[in-house]
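Participant: If it helps, the file is called work_32.csv and holds CSV, C-alpha atoms and all ligand atoms:
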chain,number,residue,atom,x,y,z
A,1,MET,CA,0.0,0.0,0.0
A,2,MET,CA,2.8,2.4,0.9
A,3,LYS,CA,4.6,1.6,-2.4
A,4,ARG,CA,1.6,2.8,-4.3
A,5,GLN,CA,1.6,6.1,-2.4
A,6,LYS,CA,5.1,7.0,-3.6
A,7,GLY,CA,5.3,10.0,-5.9
A,8,LYS,CA,1.5,10.3,-5.9
A,9,GLY,CA,1.5,13.8,-4.4
A,10,LEU,CA,3.8,14.9,-7.1
A,11,LEU,CA,1.7,13.3,-9.7
A,12,CYS,CA,-1.3,15.1,-8.4
A,13,VAL,CA,0.5,18.4,-8.4
A,14,LEU,CA,1.7,17.9,-11.9
A,15,LEU,CA,-1.7,17.0,-13.1
A,16,ALA,CA,-3.7,19.4,-11.0
A,17,GLY,CA,-4.6,21.6,-13.9
A,18,ILE,CA,-6.0,18.7,-16.0
A,19,VAL,CA,-9.7,18.6,-15.4
A,20,THR,CA,-10.2,15.1,-16.6
A,21,PHE,CA,-7.7,13.6,-14.2
A,22,THR,CA,-9.8,13.1,-11.2
A,23,GLY,CA,-9.2,11.6,-7.8
A,24,CYS,CA,-6.1,13.3,-6.5
A,25,SER,CA,-7.9,14.5,-3.4
A,26,ALA,CA,-9.3,11.1,-2.8
A,27,GLY,CA,-5.8,9.7,-3.0
A,28,GLY,CA,-4.1,12.3,-0.8
A,29,ALA,CA,-1.9,11.5,2.1
A,30,GLU,CA,-4.9,11.8,4.4
A,31,ASN,CA,-6.5,8.9,2.6
A,32,PRO,CA,-3.8,6.2,2.8
A,33,GLY,CA,-6.1,3.5,1.3
A,34,THR,CA,-6.4,5.2,-2.0
A,35,GLY,CA,-4.0,4.6,-4.8
A,36,ASN,CA,-4.1,6.7,-8.0
A,37,GLU,CA,-2.0,6.5,-11.1
A,38,GLU,CA,-2.9,7.5,-14.5
A,39,GLN,CA,-3.4,4.6,-16.9
A,40,GLY,CA,-4.9,4.7,-20.4
A,41,SER,CA,-7.9,7.0,-20.6
A,42,GLY,CA,-8.9,7.0,-17.0
A,43,SER,CA,-7.4,7.2,-13.5
A,44,THR,CA,-6.7,4.2,-11.4
A,45,TYR,CA,-8.0,3.9,-7.9
A,46,ASN,CA,-7.7,1.6,-4.9
A,47,PHE,CA,-10.5,2.3,-2.5
A,48,ARG,CA,-11.5,0.8,0.9
A,49,LEU,CA,-14.9,-0.4,2.0
A,50,ALA,CA,-15.8,-0.8,5.7
A,51,GLU,CA,-18.1,-3.6,6.6
A,52,THR,CA,-19.1,-4.7,10.2
A,53,HIS,CA,-19.9,-8.3,9.4
A,54,PRO,CA,-17.5,-11.2,8.8
A,55,ALA,CA,-16.6,-12.4,5.3
A,56,ASP,CA,-19.2,-15.1,5.0
A,57,TYR,CA,-22.1,-12.8,5.9
A,58,PRO,CA,-24.6,-11.8,3.0
A,59,THR,CA,-23.8,-8.1,3.2
A,60,THR,CA,-20.1,-8.7,2.9
A,61,LYS,CA,-20.8,-11.0,0.0
A,62,GLY,CA,-22.8,-8.2,-1.6
A,63,ASP,CA,-19.9,-5.8,-1.0
A,64,MET,CA,-17.5,-8.2,-2.6
A,65,LYS,CA,-19.8,-8.7,-5.6
A,66,PHE,CA,-19.9,-4.9,-5.9
A,67,ALA,CA,-16.1,-4.6,-5.8
A,68,GLU,CA,-15.8,-7.4,-8.4
A,69,LEU,CA,-18.3,-5.6,-10.7
A,70,VAL,CA,-16.6,-2.3,-10.4
A,71,LYS,CA,-13.2,-3.9,-11.2
A,72,GLU,CA,-14.7,-5.7,-14.2
A,73,LYS,CA,-16.6,-2.6,-15.6
A,74,SER,CA,-13.5,-0.4,-15.2
A,75,GLY,CA,-11.2,-2.9,-16.9
A,76,GLY,CA,-9.3,-3.3,-13.6
A,77,ARG,CA,-8.7,0.5,-13.1
A,78,ILE,CA,-10.9,0.8,-10.0
A,79,THR,CA,-10.3,-1.7,-7.2
A,80,ILE,CA,-12.1,-1.8,-3.9
A,81,ASP,CA,-10.7,-3.7,-0.9
A,82,VAL,CA,-13.5,-4.9,1.4
A,83,PHE,CA,-12.5,-4.8,5.1
A,84,PRO,CA,-14.9,-7.1,7.0
A,85,SER,CA,-15.5,-7.6,10.8
A,86,ALA,CA,-15.4,-3.9,11.7
A,87,GLN,CA,-11.6,-3.7,11.0
A,88,LEU,CA,-12.0,-0.1,10.0
A,89,GLY,CA,-14.3,0.7,13.0
A,90,GLU,CA,-17.8,0.2,14.2
A,91,GLU,CA,-20.7,1.5,12.1
A,92,LYS,CA,-21.0,5.0,13.6
A,93,SER,CA,-17.3,5.7,13.2
A,94,ALA,CA,-17.3,4.2,9.7
A,95,ILE,CA,-20.0,6.6,8.6
A,96,GLU,CA,-18.1,9.5,10.1
A,97,GLN,CA,-15.0,8.5,8.3
A,98,VAL,CA,-16.8,8.1,5.0
A,99,GLN,CA,-18.3,11.6,5.5
A,100,LEU,CA,-14.8,13.0,5.9
A,101,GLY,CA,-13.5,11.0,2.9
A,102,ALA,CA,-11.0,9.1,5.1
A,103,ILE,CA,-12.7,5.8,4.0
A,104,GLU,CA,-14.3,5.8,0.6
A,105,PHE,CA,-17.1,3.2,1.0
A,106,THR,CA,-19.1,1.5,3.7
A,107,ARG,CA,-22.1,-0.8,4.0
A,108,VAL,CA,-24.1,0.0,7.1
A,109,SER,CA,-27.6,-0.4,8.5
A,110,THR,CA,-30.0,2.4,7.9
A,111,GLY,CA,-30.5,2.3,11.8
A,112,PRO,CA,-27.4,4.4,12.7
A,113,MET,CA,-28.0,6.5,9.6
A,114,ALA,CA,-30.9,8.2,11.4
A,115,GLU,CA,-28.3,10.3,13.4
A,116,PHE,CA,-26.7,11.5,10.2
A,117,ASN,CA,-29.8,12.1,8.1
A,118,LYS,CA,-33.1,12.6,9.9
A,119,ASP,CA,-35.3,11.1,7.2
A,120,PHE,CA,-33.5,7.7,7.6
A,121,GLY,CA,-35.1,7.5,11.0
A,122,VAL,CA,-38.3,6.4,9.3
A,123,PHE,CA,-36.9,2.8,9.0
A,124,SER,CA,-36.6,2.6,12.8
A,125,LEU,CA,-40.3,3.2,13.3
A,126,PRO,CA,-41.7,-0.1,14.4
A,127,TYR,CA,-44.2,-2.3,12.5
A,128,ILE,CA,-44.5,0.1,9.5
A,129,PHE,CA,-43.8,-2.6,6.9
A,130,ASN,CA,-45.9,-5.8,6.4
A,131,ASP,CA,-43.2,-8.0,5.1
A,132,ASP,CA,-40.0,-8.0,3.1
A,133,ASN,CA,-41.9,-7.6,-0.2
A,134,HIS,CA,-43.4,-4.4,1.2
A,135,VAL,CA,-40.0,-3.1,2.1
A,136,TRP,CA,-38.6,-3.8,-1.3
A,137,LYS,CA,-41.6,-2.2,-3.1
A,138,PHE,CA,-40.9,0.9,-1.1
A,139,LEU,CA,-37.1,0.8,-1.6
A,140,GLN,CA,-37.5,0.5,-5.3
A,141,SER,CA,-40.1,3.2,-5.6
A,142,ASP,CA,-39.5,6.9,-6.1
A,143,GLY,CA,-39.7,7.3,-2.3
A,144,GLY,CA,-36.8,4.9,-1.8
A,145,THR,CA,-34.7,6.6,-4.4
A,146,LYS,CA,-35.5,10.0,-3.0
A,147,LEU,CA,-34.3,8.9,0.4
A,148,LEU,CA,-31.0,7.6,-1.0
A,149,ASP,CA,-30.5,10.9,-2.9
A,150,SER,CA,-31.2,12.9,0.2
A,151,LEU,CA,-28.0,11.7,1.7
A,152,GLU,CA,-25.9,14.1,-0.4
A,153,SER,CA,-26.7,16.9,2.0
A,154,SER,CA,-25.0,14.7,4.7
A,155,GLY,CA,-21.8,14.4,2.8
A,156,LEU,CA,-22.7,10.9,1.7
A,157,LYS,CA,-24.0,9.3,-1.5
A,158,GLY,CA,-26.4,6.4,-1.2
A,159,LEU,CA,-25.7,3.8,-3.9
A,160,THR,CA,-28.1,1.0,-3.2
A,161,TYR,CA,-30.0,-0.9,-0.6
A,162,TYR,CA,-29.4,-4.4,0.6
A,163,SER,CA,-31.7,-6.9,2.5
A,164,SER,CA,-31.8,-7.3,6.2
A,165,GLY,CA,-35.0,-9.1,7.1
A,166,SER,CA,-36.7,-8.1,10.4
A,167,ARG,CA,-35.4,-7.5,13.9
A,168,SER,CA,-36.8,-9.3,17.0
A,169,PHE,CA,-35.8,-9.3,20.6
A,170,TYR,CA,-33.5,-11.8,22.4
A,171,SER,CA,-32.6,-12.1,26.0
A,172,THR,CA,-30.5,-14.0,28.5
A,173,LYS,CA,-33.7,-13.9,30.7
A,174,PRO,CA,-37.0,-15.7,29.9
A,175,LEU,CA,-38.7,-13.9,27.0
A,176,THR,CA,-41.9,-15.4,25.8
A,177,LYS,CA,-44.3,-12.5,26.0
A,178,LEU,CA,-44.5,-8.7,25.7
A,179,GLU,CA,-44.6,-8.2,29.5
A,180,ASP,CA,-41.2,-9.9,29.9
A,181,LEU,CA,-39.5,-6.9,28.3
A,182,LYS,CA,-40.5,-4.7,31.3
A,183,GLY,CA,-37.5,-3.4,33.1
A,184,MET,CA,-35.0,-5.2,30.8
A,185,LYS,CA,-31.8,-3.4,29.7
A,186,ILE,CA,-31.9,-3.8,26.0
A,187,ARG,CA,-29.0,-2.9,23.6
A,188,VAL,CA,-30.2,-0.8,20.7
A,189,ILE,CA,-28.5,0.7,17.6
A,190,GLU,CA,-27.4,4.2,18.4
A,191,ASN,CA,-30.3,6.5,17.5
A,192,LYS,CA,-32.8,8.4,19.6
A,193,LEU,CA,-35.9,6.7,18.2
A,194,ASN,CA,-34.8,3.4,19.5
A,195,ILE,CA,-34.6,4.9,23.0
A,196,GLU,CA,-38.2,6.0,22.8
A,197,ILE,CA,-39.3,2.7,21.4
A,198,MET,CA,-37.8,0.8,24.3
A,199,LYS,CA,-39.3,3.2,26.7
A,200,ALA,CA,-42.8,2.6,25.2
A,201,LEU,CA,-42.2,-1.1,25.7
A,202,GLY,CA,-41.4,-0.6,29.4
A,203,ALA,CA,-37.7,-1.4,28.8
A,204,ASN,CA,-34.4,0.6,29.2
A,205,ALA,CA,-32.5,1.2,26.0
A,206,THR,CA,-28.7,0.9,26.1
A,207,PRO,CA,-27.3,2.3,22.8
A,208,MET,CA,-24.1,0.5,22.0
A,209,ALA,CA,-21.9,-0.5,19.1
A,210,TYR,CA,-22.6,-3.9,17.6
A,211,GLY,CA,-19.2,-5.3,18.4
A,212,GLU,CA,-19.6,-4.7,22.2
A,213,VAL,CA,-22.9,-6.6,22.5
A,214,TYR,CA,-21.5,-10.1,23.0
A,215,SER,CA,-19.5,-9.2,26.1
A,216,ALA,CA,-22.2,-6.9,27.4
A,217,LEU,CA,-24.7,-9.8,27.3
A,218,GLN,CA,-22.1,-12.1,28.9
A,219,THR,CA,-21.3,-9.8,31.7
A,220,GLY,CA,-24.9,-8.7,32.4
A,221,ILE,CA,-24.4,-5.1,31.4
A,222,ILE,CA,-27.5,-5.7,29.2
A,223,ASP,CA,-30.2,-8.3,29.5
A,224,ALA,CA,-31.2,-8.3,25.9
A,225,ALA,CA,-30.6,-7.1,22.3
A,226,GLU,CA,-32.5,-7.3,19.1
A,227,ASN,CA,-31.6,-8.3,15.6
A,228,ASN,CA,-32.5,-10.5,12.6
A,229,TYR,CA,-31.7,-14.2,12.4
A,230,PRO,CA,-28.5,-13.8,10.5
A,231,SER,CA,-26.9,-11.4,13.0
A,232,TYR,CA,-28.3,-13.3,16.0
A,233,TYR,CA,-26.5,-16.3,14.6
A,234,SER,CA,-23.3,-14.9,13.1
A,235,SER,CA,-22.5,-12.8,16.2
A,236,LYS,CA,-23.0,-15.9,18.4
A,237,HIS,CA,-25.4,-13.9,20.6
A,238,PHE,CA,-27.7,-16.8,20.4
A,239,GLU,CA,-25.3,-18.8,22.5
A,240,ILE,CA,-25.8,-16.6,25.5
A,241,ALA,CA,-29.1,-14.9,24.9
A,242,LYS,CA,-31.1,-18.0,24.1
A,243,ASN,CA,-34.6,-16.6,24.3
A,244,TYR,CA,-35.7,-15.1,21.0
A,245,ILE,CA,-39.2,-13.7,20.5
A,246,LEU,CA,-40.2,-13.1,16.9
A,247,ASP,CA,-42.1,-9.8,17.1
A,248,GLY,CA,-40.3,-8.4,14.0
A,249,HIS,CA,-40.6,-4.8,15.3
A,250,GLN,CA,-38.2,-3.3,12.7
A,251,ARG,CA,-37.2,-3.7,9.1
A,252,VAL,CA,-34.2,-1.5,8.8
A,253,PRO,CA,-32.6,-2.2,5.4
A,254,GLU,CA,-28.9,-2.1,4.7
A,255,VAL,CA,-27.3,0.7,2.6
A,256,LEU,CA,-24.2,0.9,0.5
A,257,LEU,CA,-22.5,4.4,0.8
A,258,VAL,CA,-19.8,6.3,-0.9
A,259,SER,CA,-18.2,9.4,0.4
A,260,LYS,CA,-19.6,12.5,-1.3
A,261,GLN,CA,-16.1,14.0,-1.4
A,262,VAL,CA,-14.7,11.0,-3.2
A,263,TRP,CA,-17.7,10.7,-5.5
A,264,ASP,CA,-17.3,14.3,-6.6
A,265,THR,CA,-13.7,13.6,-7.7
A,266,LEU,CA,-14.8,10.7,-10.0
A,267,SER,CA,-15.5,11.3,-13.7
A,268,PRO,CA,-19.1,10.9,-14.8
A,269,GLU,CA,-18.1,7.7,-16.5
A,270,ASP,CA,-16.6,6.3,-13.3
A,271,GLN,CA,-19.6,7.5,-11.3
A,272,ALA,CA,-21.8,5.5,-13.7
A,273,ILE,CA,-19.6,2.4,-13.3
A,274,VAL,CA,-19.8,2.6,-9.5
A,275,LYS,CA,-23.6,3.2,-9.4
A,276,GLU,CA,-24.3,0.4,-11.9
A,277,ALA,CA,-22.2,-2.1,-10.0
A,278,ALA,CA,-23.9,-1.2,-6.8
A,279,VAL,CA,-27.4,-1.6,-8.2
A,280,GLU,CA,-26.4,-4.9,-9.9
A,281,SER,CA,-24.9,-6.3,-6.7
A,282,THR,CA,-28.3,-5.9,-4.9
A,283,ALA,CA,-29.9,-8.9,-6.6
A,284,PHE,CA,-26.9,-11.1,-5.6
A,285,GLN,CA,-27.0,-9.8,-2.0
A,286,ARG,CA,-30.7,-10.6,-1.8
A,287,GLU,CA,-30.2,-14.2,-3.0
A,288,GLU,CA,-27.4,-14.6,-0.5
A,289,TRP,CA,-29.6,-13.1,2.2
A,290,ALA,CA,-32.5,-15.5,1.6
A,291,LYS,CA,-30.1,-18.5,1.8
A,292,TYR,CA,-28.3,-17.3,5.0
A,293,GLU,CA,-31.5,-16.3,6.7
A,294,LYS,CA,-32.8,-19.9,6.4
A,295,GLU,CA,-29.5,-21.4,7.4
A,296,SER,CA,-29.1,-19.1,10.4
A,297,GLU,CA,-32.6,-20.0,11.6
A,298,GLU,CA,-31.8,-23.7,11.4
A,299,GLN,CA,-28.5,-23.1,13.2
A,300,VAL,CA,-29.9,-21.2,16.1
A,301,ARG,CA,-32.7,-23.7,16.5
A,302,ALA,CA,-30.2,-26.6,16.5
A,303,GLY,CA,-28.0,-24.6,18.9
A,304,GLY,CA,-30.8,-24.6,21.5
A,305,ALA,CA,-32.4,-21.2,21.1
A,306,VAL,CA,-35.9,-21.0,22.7
A,307,ILE,CA,-37.9,-19.4,19.9
A,308,THR,CA,-41.4,-17.9,20.5
A,309,GLU,CA,-43.8,-16.9,17.8
A,310,ILE,CA,-46.1,-14.1,18.9
A,311,SER,CA,-49.9,-14.4,18.5
A,312,ASP,CA,-50.7,-10.9,19.9
A,313,ALA,CA,-49.2,-8.7,17.3
A,314,ASP,CA,-51.7,-6.0,18.0
A,315,ALA,CA,-50.7,-5.7,21.6
A,316,TRP,CA,-47.0,-5.0,20.5
A,317,LYS,CA,-48.2,-2.5,17.9
A,318,ASN,CA,-50.4,-0.7,20.4
A,319,ALA,CA,-47.6,-0.4,22.9
A,320,VAL,CA,-45.4,1.5,20.5
A,321,LYS,CA,-48.2,3.5,18.8
A,322,PRO,CA,-47.4,6.7,20.8
A,323,VAL,CA,-44.0,6.8,19.3
A,324,ILE,CA,-45.4,6.5,15.7
A,325,GLU,CA,-48.0,9.2,16.5
A,326,LYS,CA,-45.3,11.5,17.9
A,327,TYR,CA,-43.3,11.2,14.7
A,328,ARG,CA,-46.2,11.0,12.2
A,329,SER,CA,-46.0,14.6,11.2
A,330,GLU,CA,-42.2,14.6,10.9
A,331,TYR,CA,-42.2,11.6,8.7
A,332,GLY,CA,-45.6,12.2,7.1
A,333,GLU,CA,-44.5,12.2,3.5
A,334,ILE,CA,-42.2,9.1,3.7
A,335,LEU,CA,-44.8,7.2,5.8
A,336,ASP,CA,-47.4,7.9,3.1
A,337,ALA,CA,-45.0,6.6,0.4
A,338,ILE,CA,-44.4,3.5,2.5
A,339,GLU,CA,-48.2,3.0,3.0
A,340,GLN,CA,-48.7,3.5,-0.8
A,341,ALA,CA,-46.0,0.9,-1.6
A,342,LYS,CA,-48.1,-1.7,0.3
A,343,ALA,CA,-51.0,-1.2,-2.1
A,344,GLU,CA,-48.9,-1.4,-5.3
B,1,LIG,C1,-27.2,-5.9,11.7
B,1,LIG,C2,-26.8,-5.0,10.6
B,1,LIG,C3,-25.5,-4.3,11.0
B,1,LIG,C4,-25.5,-3.7,12.3
B,1,LIG,C5,-26.2,-4.5,13.4
B,1,LIG,C6,-26.4,-3.8,14.7
B,1,LIG,O1,-28.5,-6.4,11.4
B,1,LIG,O2,-26.6,-5.8,9.5
B,1,LIG,O3,-25.1,-3.5,10.0
B,1,LIG,O4,-26.3,-2.5,12.2
B,1,LIG,O5,-27.4,-5.1,12.9
B,1,LIG,O6,-27.4,-4.2,15.4
B,1,LIG,O7,-25.6,-2.9,15.1
Can you turn what I pasted into structure tokens?
Ligand code: GTR
Facilitator:
Amino acid sequence: MMKRQKGKGLLCVLLAGIVTFTGCSAGGAENPGTGNEEQGSGSTYNFRLAETHPADYPTTKGDMKFAELVKEKSGGRITIDVFPSAQLGEEKSAIEQVQLGAIEFTRVSTGPMAEFNKDFGVFSLPYIFNDDNHVWKFLQSDGGTKLLDSLESSGLKGLTYYSSGSRSFYSTKPLTKLEDLKGMKIRVIENKLNIEIMKALGANATPMAYGEVYSALQTGIIDAAENNYPSYYSSKHFEIAKNYILDGHQRVPEVLLVSKQVWDTLSPEDQAIVKEAAVESTAFQREEWAKYEKESEEQVRAGGAVITEISDADAWKNAVKPVIEKYRSEYGEILDAIEQAKAE
């Protein structure tokens, strides 16, 4: 990596006046992961992508597919190294670094995005989607595109969405009914809506980075957390928090982001390559998701998780209704678009 850096500053200075040679700022000394040498008609880049999950997780596989497609479409000029397992930092920090242009790409949940772009908070509102099909109808509608585009004002560029199923609660303590949540300390993704949702359920929210949850459950700092089957399994949380109740309160999709600063240094042709590759990688990620979701459910069942289906969905919905009502006017337009996607 260091070798690729040599002489780059000089190259940038020499070429600074040439409008078509883009990317020098993205490849500056403050961005050690970015290589940039002129080659043929376009610039060459070596970018980094921060991912919280391990290499075999469906989002990581989506990232890798994206990187492969970018490389292919650019004739090898643009390479993206995927760093799994939060090697470049936990999600909140990864988003901040991407905003600054210190990391070029990241794949994160739309959960933490609520603190960076208010509109993304809509995904954290509970029980607003019927099922995965409803989520995807919305994501692929004008409303979903508009949300992605709105990220530009936050120093980010949304490239595409990925699947993430639905989130349910799991605890080290017995958890077979809504009342069991009362007084529990529940880890949540760091955003203020999650704190209000837990309060409405009678629980105490503990916002915390994903990577800290395992030991927090183990040491009793928290009693519970919530996630989809794939994360519940891959994080091994199911080994210590065996009680999983399938209330499916949130469907917070994943999103692939590029730094707006970096994006602006790319030529229109390279922007098109990156965007196309991202959109194309979605179908692959969704297939991988479907397979892994099944497999992880089987694995946690085999591993002894006590899984409860709920038969009183209305009671759960009623408990969090005040939160939805409080935010209805703030998210009115997006909620309407989500409602409309259901009917399509
Ligand atoms: C997962 C998601 C991660 C991360 C994690 C969490 O479902 O894929 O990106 O947000 O949840 O709970 O922090």
Participant: Dump the neighbourhood of ligand LIG 1 (chain B) as a PDB file with C-alpha atoms, keeping the file's coordinate frame: all residues within 6 Å, distances computed on only C-alpha atoms and all ligand atoms.
Facilitator:
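Output saved as selection-v4.pdb:
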ATOM      1  CA  VAL A 108     -24.100   0.000   7.100  1.00  0.00           C
ATOM      2  CA  SER A 109     -27.600  -0.400   8.500  1.00  0.00           C
ATOM      3  CA  ILE A 189     -28.500   0.700  17.600  1.00  0.00           C
ATOM      4  CA  ALA A 209     -21.900  -0.500  19.100  1.00  0.00           C
ATOM      5  CA  TYR A 210     -22.600  -3.900  17.600  1.00  0.00           C
ATOM      6  CA  ASN A 227     -31.600  -8.300  15.600  1.00  0.00           C
ATOM      7  CA  ASN A 228     -32.500 -10.500  12.600  1.00  0.00           C
ATOM      8  CA  SER A 231     -26.900 -11.400  13.000  1.00  0.00           C
TER       9      SER A 231
END
Participant: Could you check which of A:His53, A:Lys177, A:His134, A:Arg48 is closest to A:Tyr232, using all atoms listed in the file?
Facilitator: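 Ranking A:His53, A:Lys177, A:His134, A:Arg48 by distance to A:Tyr232, first place goes to A:His53.
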Participant: Need to verify the contact set: A:Met198, 9 Å, all atoms listed in the file, exclusion of same-chain residues closer than 5 positions in sequence. Can you return it as a PyMOL selection string?
Facilitator: chain A and resi 181+186+188+193+203-205+320
Participant: Using only C-alpha atoms, determine which residues lie at most 9 Å from stretch 117-126 of chain A, disregarding the query and same-chain residues fewer than 3 positions distant; provide the list as a VMD selection string.
Facilitator: chain A and resid 110 to 114 129 147 to 148 150 to 151 153 to 154 191 to 194 197 248 to 253 317 320 to 321 323 to 324 327 330 to 331 334 to 335
Participant: Could you write those residues out with C-alpha atoms, as a compact mmCIF listing (two decimals), keeping the file's coordinate frame?
Facilitator:
# COMPACT_ATOMS: atom_id res chain seq x y z
CA THR A 110 -30.00 2.40 7.90
CA GLY A 111 -30.50 2.30 11.80
CA PRO A 112 -27.40 4.40 12.70
CA MET A 113 -28.00 6.50 9.60
CA ALA A 114 -30.90 8.20 11.40
CA PHE A 129 -43.80 -2.60 6.90
CA LEU A 147 -34.30 8.90 0.40
CA LEU A 148 -31.00 7.60 -1.00
CA SER A 150 -31.20 12.90 0.20
CA LEU A 151 -28.00 11.70 1.70
CA SER A 153 -26.70 16.90 2.00
CA SER A 154 -25.00 14.70 4.70
CA ASN A 191 -30.30 6.50 17.50
CA LYS A 192 -32.80 8.40 19.60
CA LEU A 193 -35.90 6.70 18.20
CA ASN A 194 -34.80 3.40 19.50
CA ILE A 197 -39.30 2.70 21.40
CA GLY A 248 -40.30 -8.40 14.00
CA HIS A 249 -40.60 -4.80 15.30
CA GLN A 250 -38.20 -3.30 12.70
CA ARG A 251 -37.20 -3.70 9.10
CA VAL A 252 -34.20 -1.50 8.80
CA PRO A 253 -32.60 -2.20 5.40
CA LYS A 317 -48.20 -2.50 17.90
CA VAL A 320 -45.40 1.50 20.50
CA LYS A 321 -48.20 3.50 18.80
CA VAL A 323 -44.00 6.80 19.30
CA ILE A 324 -45.40 6.50 15.70
CA TYR A 327 -43.30 11.20 14.70
CA GLU A 330 -42.20 14.60 10.90
CA TYR A 331 -42.20 11.60 8.70
CA ILE A 334 -42.20 9.10 3.70
CA LEU A 335 -44.80 7.20 5.80
Participant: Go through A:Tyr162, A:Tyr244, A:Phe138, A:Trp289 and flag the residue nearest A:Phe66, using all atoms listed in the file for the distances.
Facilitator: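 Nearest candidate to A:Phe66 out of A:Tyr162, A:Tyr244, A:Phe138, A:Trp289: A:Tyr162.
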Participant: As an exercise, work out the distance from atom CA of A:Gly202 to atom CA of A:Gly183 in Å and give it to one decimal place.
Facilitator: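 Those two atoms sit 6.1 Å apart.
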Participant: So what do you get for atom CA of A:Asp270 versus atom CA of A:Ser74, distance-wise?
Facilitator: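 Between atom CA of A:Asp270 and atom CA of A:Ser74 the gap works out to 7.6 Å.
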Participant: Between atom CA of A:Asp56 and atom CA of A:Pro84, what is the distance, to one decimal in Å?
Facilitator: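 The value is 9.3 Å.
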Participant: Stretch 183-200 of chain A, all listed atoms, 5 Å padding on each side: what axis-aligned box centre and edge lengths in Å to one decimal come out, as JSON?
Facilitator:
{"center_x": -35.1, "center_y": 1.6, "center_z": 25.3, "size_x": 25.4, "size_y": 23.6, "size_z": 25.6}
Participant: Name the closest residue to A:Thr282 among the candidates A:Lys185, A:Arg107, A:Arg77, A:Lys326; distances are taken between atoms, counting all atoms listed in the file.
Facilitator: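 Using all atoms listed in the file, the shortest distance to A:Thr282 belongs to A:Arg107.
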Participant: Report as a Markdown table the residues of stretch 208-279 of chain A within 10 Å of stretch 92-103 of chain A, each with its shortest atom pair and distance in Å (one decimal), using all atoms listed in the file, ordered by chain and increasing residue number.
Facilitator:
| residue | atom | partner | partner_atom | distance |
| --- | --- | --- | --- | --- |
| A:Ala209 | CA | A:Lys92 | CA | 7.8 |
| A:Tyr210 | CA | A:Lys92 | CA | 9.9 |
| A:Leu257 | CA | A:Val98 | CA | 8.0 |
| A:Val258 | CA | A:Val98 | CA | 6.9 |
| A:Ser259 | CA | A:Val98 | CA | 5.0 |
| A:Lys260 | CA | A:Gln99 | CA | 7.0 |
| A:Gln261 | CA | A:Gly101 | CA | 5.9 |
| A:Val262 | CA | A:Gly101 | CA | 6.2 |
| A:Trp263 | CA | A:Gly101 | CA | 9.4 |
Participant: Show which residues sit within 12 Å of A:Thr60, as an MDAnalysis selection string. Count only C-alpha atoms, and ignore same-chain residues fewer than 2 positions away.
Facilitator: chainID A and resid 49:58 62:67 81:86 106:108 162:163 254:256 281:282 284:286 288:289
Participant: Tell me which protein, DNA and RNA residues are within 10 Å of stretch 143-145 of chain A, counting all atoms listed in the file, leaving out same-chain ones fewer than 6 positions away, and put them as a PyMOL selection string.
Facilitator: chain A and resi 135-137+158-161+333-338+340-341
Participant: Which of these residues is nearest to A:Ser234, using all atoms listed in the file: A:Asp264, A:Glu68, A:Glu287, A:Glu293?
Facilitator: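 Of A:Asp264, A:Glu68, A:Glu287, A:Glu293, the one nearest A:Ser234, counting all atoms listed in the file, is A:Glu293.
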Participant: Given the choices A:Thr308, A:Ser171, A:Gln299, A:Ser267, which gets closest to A:Lys242 if the distance is worked out from only C-alpha atoms?
Facilitator: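 Using only C-alpha atoms, the shortest distance to A:Lys242 belongs to A:Ser171.
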Participant: Can you work out which one of A:Ser235, A:Thr172, A:Ile195, A:Tyr292 has the shortest atom-to-atom distance to A:Ile221, counting all atoms listed in the file?
Facilitator: A:Thr172
Participant: Do a neighbour search on A:Glu295 at 10 Å with all atoms listed in the file, toss out local chain neighbours closer than 4 positions, and write the hits as a PyMOL selection string.
Facilitator: chain A and resi 229-230+233+289-291+299-301
Participant: Can you complete the atoms of stretch 288-295 of chain A to N, CA and C atoms and list them as an mmCIF file, in the frame of the given file?
Facilitator:
data_model
loop_
_atom_site.group_PDB
_atom_site.id
_atom_site.type_symbol
_atom_site.label_atom_id
_atom_site.label_comp_id
_atom_site.auth_asym_id
_atom_site.auth_seq_id
_atom_site.Cartn_x
_atom_site.Cartn_y
_atom_site.Cartn_z
ATOM 1 N N GLU A 288 -28.229 -14.157 -1.554
ATOM 2 C CA GLU A 288 -27.400 -14.600 -0.500
ATOM 3 C C GLU A 288 -28.101 -14.477 0.881
ATOM 4 N N TRP A 289 -28.833 -13.378 0.991
ATOM 5 C CA TRP A 289 -29.600 -13.100 2.200
ATOM 6 C C TRP A 289 -30.603 -14.210 2.463
ATOM 7 N N ALA A 290 -31.385 -14.514 1.438
ATOM 8 C CA ALA A 290 -32.500 -15.500 1.600
ATOM 9 C C ALA A 290 -31.884 -16.850 2.052
ATOM 10 N N LYS A 291 -30.759 -17.231 1.456
ATOM 11 C CA LYS A 291 -30.100 -18.500 1.800
ATOM 12 C C LYS A 291 -29.646 -18.487 3.285
ATOM 13 N N TYR A 292 -28.962 -17.401 3.620
ATOM 14 C CA TYR A 292 -28.300 -17.300 5.000
ATOM 15 C C TYR A 292 -29.385 -17.147 6.056
ATOM 16 N N GLU A 293 -30.477 -16.495 5.712
ATOM 17 C CA GLU A 293 -31.500 -16.300 6.700
ATOM 18 C C GLU A 293 -32.095 -17.656 7.142
ATOM 19 N N LYS A 294 -32.304 -18.519 6.148
ATOM 20 C CA LYS A 294 -32.800 -19.900 6.400
ATOM 21 C C LYS A 294 -31.801 -20.665 7.238
ATOM 22 N N GLU A 295 -30.563 -20.622 6.757
ATOM 23 C CA GLU A 295 -29.500 -21.400 7.400
ATOM 24 C C GLU A 295 -29.307 -20.928 8.860
#
